[in-house]
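To be precise, the following lines are model-v3.cif, and they hold mmCIF, C-alpha atoms and all ligand atoms.
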data_protein
#
loop_
_atom_site.label_atom_id
_atom_site.label_comp_id
_atom_site.auth_asym_id
_atom_site.auth_seq_id
_atom_site.Cartn_x
_atom_site.Cartn_y
_atom_site.Cartn_z
CA MET A 1 160.34 154.40 -67.89
CA SER A 2 159.49 152.06 -65.00
CA GLY A 3 159.86 148.29 -65.24
CA ASP A 4 156.10 147.90 -65.39
CA GLU A 5 155.79 150.30 -68.32
CA ASP A 6 158.66 148.58 -70.15
CA MET A 7 157.02 145.20 -69.57
CA GLU A 8 153.64 146.48 -70.79
CA LYS A 9 155.21 147.75 -73.97
CA LEU A 10 157.00 144.44 -74.52
CA ALA A 11 153.75 142.54 -73.87
CA THR A 12 152.01 144.48 -76.64
CA THR A 13 154.73 143.41 -79.07
CA ILE A 14 154.59 139.76 -77.99
CA LEU A 15 150.78 139.60 -78.23
CA SER A 16 150.90 140.40 -81.95
CA CYS A 17 154.19 138.60 -82.79
CA LYS A 18 154.43 136.50 -85.97
CA LYS A 19 158.20 135.97 -86.00
CA CYS A 20 157.94 132.18 -86.14
CA SER A 21 155.19 129.90 -87.41
CA LEU A 22 153.81 129.12 -83.94
CA TRP A 23 151.56 132.17 -84.22
CA LYS A 24 149.39 130.17 -86.64
CA THR A 25 148.45 127.49 -84.11
CA ARG A 26 148.48 129.45 -80.86
CA ASN A 27 145.36 130.57 -79.09
CA LYS A 28 147.05 133.21 -76.89
CA PRO A 29 150.74 134.02 -76.47
CA VAL A 30 151.91 133.69 -72.87
CA VAL A 31 153.98 136.78 -72.08
CA GLY A 32 154.91 135.83 -68.52
CA ALA A 33 153.68 136.77 -65.06
CA GLY A 34 154.83 138.12 -61.73
CA SER A 35 156.55 141.14 -60.25
CA THR A 36 158.92 143.32 -62.27
CA ASN A 37 160.75 143.82 -58.94
CA ALA A 38 161.23 140.07 -58.49
CA LYS A 39 164.56 138.81 -57.17
CA ILE A 40 163.98 135.41 -58.80
CA PHE A 41 163.23 134.78 -62.48
CA PHE A 42 161.99 131.27 -63.31
CA VAL A 43 162.50 130.36 -66.96
CA GLY A 44 160.09 127.73 -68.27
CA GLU A 45 160.07 126.05 -71.66
CA ALA A 46 156.84 126.86 -73.50
CA PRO A 47 153.12 127.16 -72.86
CA GLY A 48 151.09 123.95 -72.67
CA ARG A 49 147.41 123.52 -73.45
CA ASN A 50 145.99 125.34 -70.42
CA GLU A 51 148.54 128.14 -70.66
CA ASP A 52 147.69 128.64 -74.35
CA LEU A 53 143.98 128.85 -73.52
CA GLN A 54 144.41 131.29 -70.62
CA GLY A 55 147.44 133.27 -71.78
CA GLN A 56 149.12 132.71 -68.39
CA PRO A 57 152.24 130.66 -67.50
CA PHE A 58 152.12 127.50 -65.39
CA VAL A 59 148.37 127.30 -64.82
CA GLY A 60 148.05 123.54 -65.50
CA ARG A 61 149.32 120.61 -63.41
CA ALA A 62 152.96 121.70 -63.60
CA GLY A 63 151.79 125.05 -62.25
CA GLY A 64 150.25 123.37 -59.22
CA ILE A 65 153.62 121.75 -58.49
CA LEU A 66 155.42 125.05 -58.98
CA ASP A 67 153.09 126.69 -56.44
CA GLU A 68 153.79 123.93 -53.91
CA LEU A 69 157.53 124.30 -54.44
CA LEU A 70 157.36 128.07 -53.98
CA GLN A 71 155.28 127.64 -50.82
CA SER A 72 157.85 125.19 -49.44
CA ILE A 73 160.29 128.10 -49.16
CA GLY A 74 157.70 130.69 -48.17
CA LEU A 75 157.29 132.38 -51.55
CA GLN A 76 154.18 133.44 -53.44
CA ARG A 77 153.86 133.58 -57.19
CA ASP A 78 153.45 137.36 -57.22
CA GLU A 79 156.87 137.78 -55.56
CA VAL A 80 158.73 136.07 -58.41
CA TYR A 81 158.67 136.35 -62.20
CA ILE A 82 157.86 133.42 -64.48
CA GLY A 83 158.58 133.57 -68.22
CA ASN A 84 159.08 130.94 -70.89
CA ILE A 85 161.68 130.43 -73.62
CA LEU A 86 158.87 130.30 -76.20
CA LYS A 87 155.87 132.56 -75.76
CA CYS A 88 153.56 130.45 -77.96
CA ARG A 89 152.55 126.81 -77.57
CA PRO A 90 154.20 124.25 -79.87
CA PRO A 91 151.52 121.93 -81.37
CA ASP A 92 150.92 118.87 -79.14
CA ASN A 93 153.55 120.23 -76.72
CA ARG A 94 156.38 119.04 -78.95
CA ASN A 95 159.91 120.21 -78.13
CA PRO A 96 160.86 123.75 -79.17
CA LEU A 97 162.73 123.97 -82.49
CA LYS A 98 166.06 125.78 -82.66
CA SER A 99 164.55 128.21 -85.20
CA GLU A 100 161.70 129.02 -82.78
CA ILE A 101 164.11 129.56 -79.88
CA ASP A 102 166.21 131.86 -82.09
CA ALA A 103 163.12 133.81 -83.13
CA CYS A 104 161.64 134.19 -79.65
CA THR A 105 164.40 134.58 -77.06
CA ASN A 106 164.88 138.31 -77.69
CA PHE A 107 161.68 138.66 -75.67
CA LEU A 108 163.03 136.62 -72.77
CA ASN A 109 166.33 138.53 -72.91
CA ARG A 110 164.43 141.81 -72.70
CA GLN A 111 162.41 140.52 -69.73
CA ILE A 112 165.61 139.57 -67.91
CA GLU A 113 167.02 143.06 -68.61
CA ILE A 114 163.88 144.74 -67.27
CA ILE A 115 163.70 142.65 -64.09
CA GLN A 116 167.43 142.41 -63.40
CA PRO A 117 166.93 139.39 -61.12
CA GLU A 118 169.44 138.26 -58.49
CA ILE A 119 168.65 134.62 -59.20
CA ILE A 120 167.68 132.92 -62.47
CA CYS A 121 166.26 129.39 -62.29
CA PRO A 122 165.96 127.63 -65.66
CA LEU A 123 163.36 124.84 -65.44
CA GLY A 124 164.23 121.75 -67.46
CA SER A 125 166.89 121.05 -70.04
CA PHE A 126 165.78 123.43 -72.83
CA ALA A 127 165.68 126.43 -70.51
CA MET A 128 168.95 125.38 -68.88
CA SER A 129 170.71 124.95 -72.19
CA TYR A 130 169.58 128.39 -73.35
CA ILE A 131 170.48 130.21 -70.11
CA PHE A 132 173.88 128.45 -69.82
CA GLU A 133 174.75 129.42 -73.38
CA LYS A 134 173.55 133.00 -72.91
CA PHE A 135 175.74 133.50 -69.84
CA GLY A 136 178.77 131.60 -71.14
CA LEU A 137 178.49 128.58 -68.85
CA LYS A 138 179.68 125.18 -70.03
CA GLN A 139 176.78 122.94 -71.15
CA GLU A 140 175.94 120.23 -68.61
CA LYS A 141 173.42 117.47 -68.13
CA ILE A 142 170.63 118.77 -65.95
CA SER A 143 170.81 115.68 -63.71
CA ASN A 144 174.43 116.61 -62.89
CA VAL A 145 173.86 120.25 -62.01
CA ARG A 146 170.26 120.59 -60.82
CA GLY A 147 170.13 122.46 -57.51
CA LYS A 148 173.72 123.74 -57.91
CA LEU A 149 174.53 127.43 -57.84
CA PHE A 150 176.54 129.14 -60.61
CA GLN A 151 177.75 132.73 -60.13
CA ILE A 152 177.98 134.93 -63.21
CA ASN A 153 178.59 138.61 -63.98
CA THR A 154 176.14 140.55 -66.12
CA ILE A 155 175.81 144.19 -67.15
CA PHE A 156 173.43 144.67 -64.21
CA GLY A 157 175.63 142.93 -61.62
CA ASN A 158 176.25 139.48 -60.19
CA VAL A 159 173.59 136.88 -60.81
CA LYS A 160 173.18 133.39 -59.40
CA ILE A 161 171.98 130.68 -61.78
CA ILE A 162 170.28 127.66 -60.19
CA PRO A 163 169.11 125.05 -62.74
CA LEU A 164 166.16 122.89 -61.71
CA TYR A 165 164.23 119.95 -63.10
CA HIS A 166 161.06 121.00 -64.90
CA PRO A 167 158.09 120.81 -62.46
CA ALA A 168 156.12 118.81 -65.08
CA VAL A 169 158.36 115.78 -64.41
CA ALA A 170 157.12 115.76 -60.81
CA THR A 171 153.52 115.26 -61.98
CA TYR A 172 154.36 111.66 -62.91
CA ASN A 173 157.42 110.92 -60.75
CA PRO A 174 157.43 111.44 -56.95
CA ASN A 175 161.25 111.09 -56.81
CA MET A 176 161.49 114.16 -59.01
CA LYS A 177 159.19 116.06 -56.68
CA ASN A 178 161.52 115.26 -53.77
CA ALA A 179 164.53 116.33 -55.83
CA LEU A 180 162.79 119.63 -56.62
CA LEU A 181 161.87 120.20 -52.96
CA GLU A 182 165.52 119.59 -52.05
CA ASP A 183 166.78 121.91 -54.80
CA PHE A 184 164.43 124.72 -53.79
CA LYS A 185 166.39 124.86 -50.53
CA THR A 186 169.33 126.12 -52.60
CA ILE A 187 167.13 129.03 -53.70
CA LYS A 188 166.17 129.73 -50.08
CA LYS A 189 169.83 129.76 -49.03
CA ALA A 190 170.78 132.04 -51.92
CA LEU A 191 168.08 134.51 -50.85
CA ASP A 192 169.05 134.57 -47.15
N1 LIG P 1 155.50 124.37 -68.83
C1 LIG P 1 156.31 125.41 -69.14
O1 LIG P 1 157.49 125.24 -69.38
N2 LIG P 1 155.79 126.62 -69.15
C2 LIG P 1 154.51 126.87 -68.87
O2 LIG P 1 154.12 128.03 -68.89
C3 LIG P 1 153.69 125.77 -68.54
C4 LIG P 1 154.19 124.53 -68.54
FE1 LIG P 2 156.63 135.23 -81.85
FE2 LIG P 2 157.77 133.73 -79.97
FE3 LIG P 2 155.23 133.32 -80.62
FE4 LIG P 2 157.14 132.63 -82.33
S1 LIG P 2 156.81 131.74 -80.27
S2 LIG P 2 155.27 133.74 -82.83
S3 LIG P 2 158.67 134.25 -81.97
S4 LIG P 2 156.07 135.17 -79.67
#
Mind turning the file's structure into structure tokens?
Amino acid sequence: MSGDEDMEKLATTILSCKKCSLWKTRNKPVVGAGSTNAKIFFVGEAPGRNEDLQGQPFVGRAGGILDELLQSIGLQRDEVYIGNILKCRPPDNRNPLKSEIDACTNFLNRQIEIIQPEIICPLGSFAMSYIFEKFGLKQEKISNVRGKLFQINTIFGNVKIIPLYHPAVATYNPNMKNALLEDFKTIKKALD
């Protein structure tokens, strides 16, 4: 089966998932978006209000920032893949619960397996914590490691992990936007 077919099949499962209680309050699950041939996989946290309404990742203000950041290194959204830790919106955008992360991350794991990215960029501390644990990296504070490159081995080869601040923080803090612009240069270098 091709990556696209695998992803379609997975999407069907996610769209009817009731494995944690978030299905009761969601409007639409947000499967993820982008190319199944992407070299870069961005891992977000969870859908917000706009994402829940549209069923697409990063379509609100944080999405606008993400687009700017991608453009700053000459990338378009359809060249990368964007998927969240949780596929359904937590009420009032509260933090994900451990039980929800445990219930949902099989979907993210499967997406990573299908795409086999060269670079994984967790966005924000929840995504970073999950990805670091998954790949056996020592837990760190995001402020200490954002924009740094970690090399790991996986069953599909070597992967570079580059943790980044969550783009949402840049919507209310211009210093964070500059930090993100700086850290995106690490992605550019890793691609070249
Ligand atoms: N924030 C996220 O982490 N993911 C989205 O899809 C939107 C906002
Ligand atoms: Fe299923 Fe994940 Fe949605 Fe929970 S958040 S209902 S586990 S898709």
Hey, which residues sit close to ligand LIG 2 (chain P)? Say within 6 Å, counting only C-alpha atoms and all ligand atoms, and write them as a ChimeraX atom specification.
/A:14,17-23,86-88,100,103-104
I need the chosen residues saved as a PDB file, in the coordinates of the input, with C-alpha atoms.
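To be explicit, this is the file written out as again_26.pdb:
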ATOM      1  CA  ILE A  14     154.590 139.760 -77.990  1.00  0.00           C
ATOM      2  CA  CYS A  17     154.190 138.600 -82.790  1.00  0.00           C
ATOM      3  CA  LYS A  18     154.430 136.500 -85.970  1.00  0.00           C
ATOM      4  CA  LYS A  19     158.200 135.970 -86.000  1.00  0.00           C
ATOM      5  CA  CYS A  20     157.940 132.180 -86.140  1.00  0.00           C
ATOM      6  CA  SER A  21     155.190 129.900 -87.410  1.00  0.00           C
ATOM      7  CA  LEU A  22     153.810 129.120 -83.940  1.00  0.00           C
ATOM      8  CA  TRP A  23     151.560 132.170 -84.220  1.00  0.00           C
ATOM      9  CA  LEU A  86     158.870 130.300 -76.200  1.00  0.00           C
ATOM     10  CA  LYS A  87     155.870 132.560 -75.760  1.00  0.00           C
ATOM     11  CA  CYS A  88     153.560 130.450 -77.960  1.00  0.00           C
ATOM     12  CA  GLU A 100     161.700 129.020 -82.780  1.00  0.00           C
ATOM     13  CA  ALA A 103     163.120 133.810 -83.130  1.00  0.00           C
ATOM     14  CA  CYS A 104     161.640 134.190 -79.650  1.00  0.00           C
TER      15      CYS A 104
END
So that each row is one residue of chain A with an atom at most 8 Å from ligand LIG 1 (chain P), can you give its shortest atom pair and the distance in Å to one decimal, using all atoms listed in the file, rows by chain and rising number, as a tab-separated table?
residue	atom	partner	partner_atom	distance
A:Val30	CA	P:LIG1	O2	7.3
A:Gly32	CA	P:LIG1	O2	7.8
A:Val43	CA	P:LIG1	O1	7.6
A:Gly44	CA	P:LIG1	O1	3.8
A:Glu45	CA	P:LIG1	O1	3.5
A:Ala46	CA	P:LIG1	O1	4.5
A:Pro47	CA	P:LIG1	O2	4.2
A:Gly48	CA	P:LIG1	C4	5.2
A:Asn50	CA	P:LIG1	C3	7.9
A:Glu51	CA	P:LIG1	O2	5.9
A:Gln56	CA	P:LIG1	O2	6.9
A:Pro57	CA	P:LIG1	O2	3.5
A:Phe58	CA	P:LIG1	C3	3.9
A:Val59	CA	P:LIG1	C3	6.7
A:Gly60	CA	P:LIG1	C3	6.8
A:Ala62	CA	P:LIG1	C4	5.8
A:Gly63	CA	P:LIG1	C3	6.6
A:Ile82	CA	P:LIG1	O2	7.9
A:Gly83	CA	P:LIG1	O2	7.1
A:Asn84	CA	P:LIG1	N2	5.7
A:Ile85	CA	P:LIG1	O1	7.9
A:Leu123	CA	P:LIG1	O1	7.1
A:Gly124	CA	P:LIG1	O1	7.8
A:His166	CA	P:LIG1	O1	7.1
A:Pro167	CA	P:LIG1	N1	7.7
A:Ala168	CA	P:LIG1	N1	6.7
Skipping near chain neighbours, those fewer than 2 positions away, what residues fall within 10 Å of range 35-42 of chain A using all atoms listed in the file, listed as a PyMOL selection string?
chain A and resi 2-7+32-33+44+77-84+111-112+114-123+127+159-164+187+191
Hey, can you check how far CA of Met128 in chain A sits from CA of Glu8 in chain A?
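That distance, rounded to one decimal, is 26.1 Å.
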Considering all atoms listed in the file, can you say which of A:Gly64, A:Gly147, A:Gly157, A:Gly34 comes closest to Glu182 in chain A?
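Residue with the minimum atom-to-atom distance to Glu182 in chain A: A:Gly147.
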Suppose you want the space between CA of Arg61 in chain A and CA of Lys185 in chain A; what is it in Å?
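CA of Lys185 in chain A lies 21.8 Å from CA of Arg61 in chain A.
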Name the closest residue to Phe150 in chain A among the candidates A:Ala190, A:Met176, A:Leu10, A:Leu69; distances are taken between atoms, counting only C-alpha atoms.
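Using only C-alpha atoms, Phe150 in chain A sits closest to A:Ala190.
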Can you tell me, as a list of chain:residue names, what residues are no more than 8 Å from Thr25 in chain A when counting all atoms listed in the file, ignoring any on the same chain fewer than 4 positions away?
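Once the adjacent positions are removed, what remains is A:Ser21, A:Arg89, A:Pro90, A:Pro91.
Going from CA of Ile65 in chain A to CA of Ala170 in chain A covers 7.3 Å.
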For each of A:Lys177, A:Gln151, A:Pro29, A:Lys134, take the minimum atom-to-atom distance to Thr105 in chain A, counting only C-alpha atoms, then give the residue where this is smallest.
A:Lys134
Box in all listed atoms of range 35-40 of chain A, axis-aligned, with 4 Å more on each side; write out centre and edge lengths in Å to one decimal as AutoDock Vina command-line options.
--center_x 160.6 --center_y 139.6 --center_z -59.7 --size_x 16.0 --size_y 16.4 --size_z 13.1
Which is closest to Glu113 in chain A among A:Phe156, A:Tyr172, A:Phe126, A:Phe135, if we use all atoms listed in the file?
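For Glu113 in chain A, the nearest of the candidates is A:Phe156.
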Which polymer residues, whether protein, DNA or RNA, lie within 12 Å of the coordinate (173.1, 118.0, -52.8) when you count only C-alpha atoms? List them as a PyMOL selection string, using the chain letters and numbers from the file.
chain A and resi 143-149+178-186
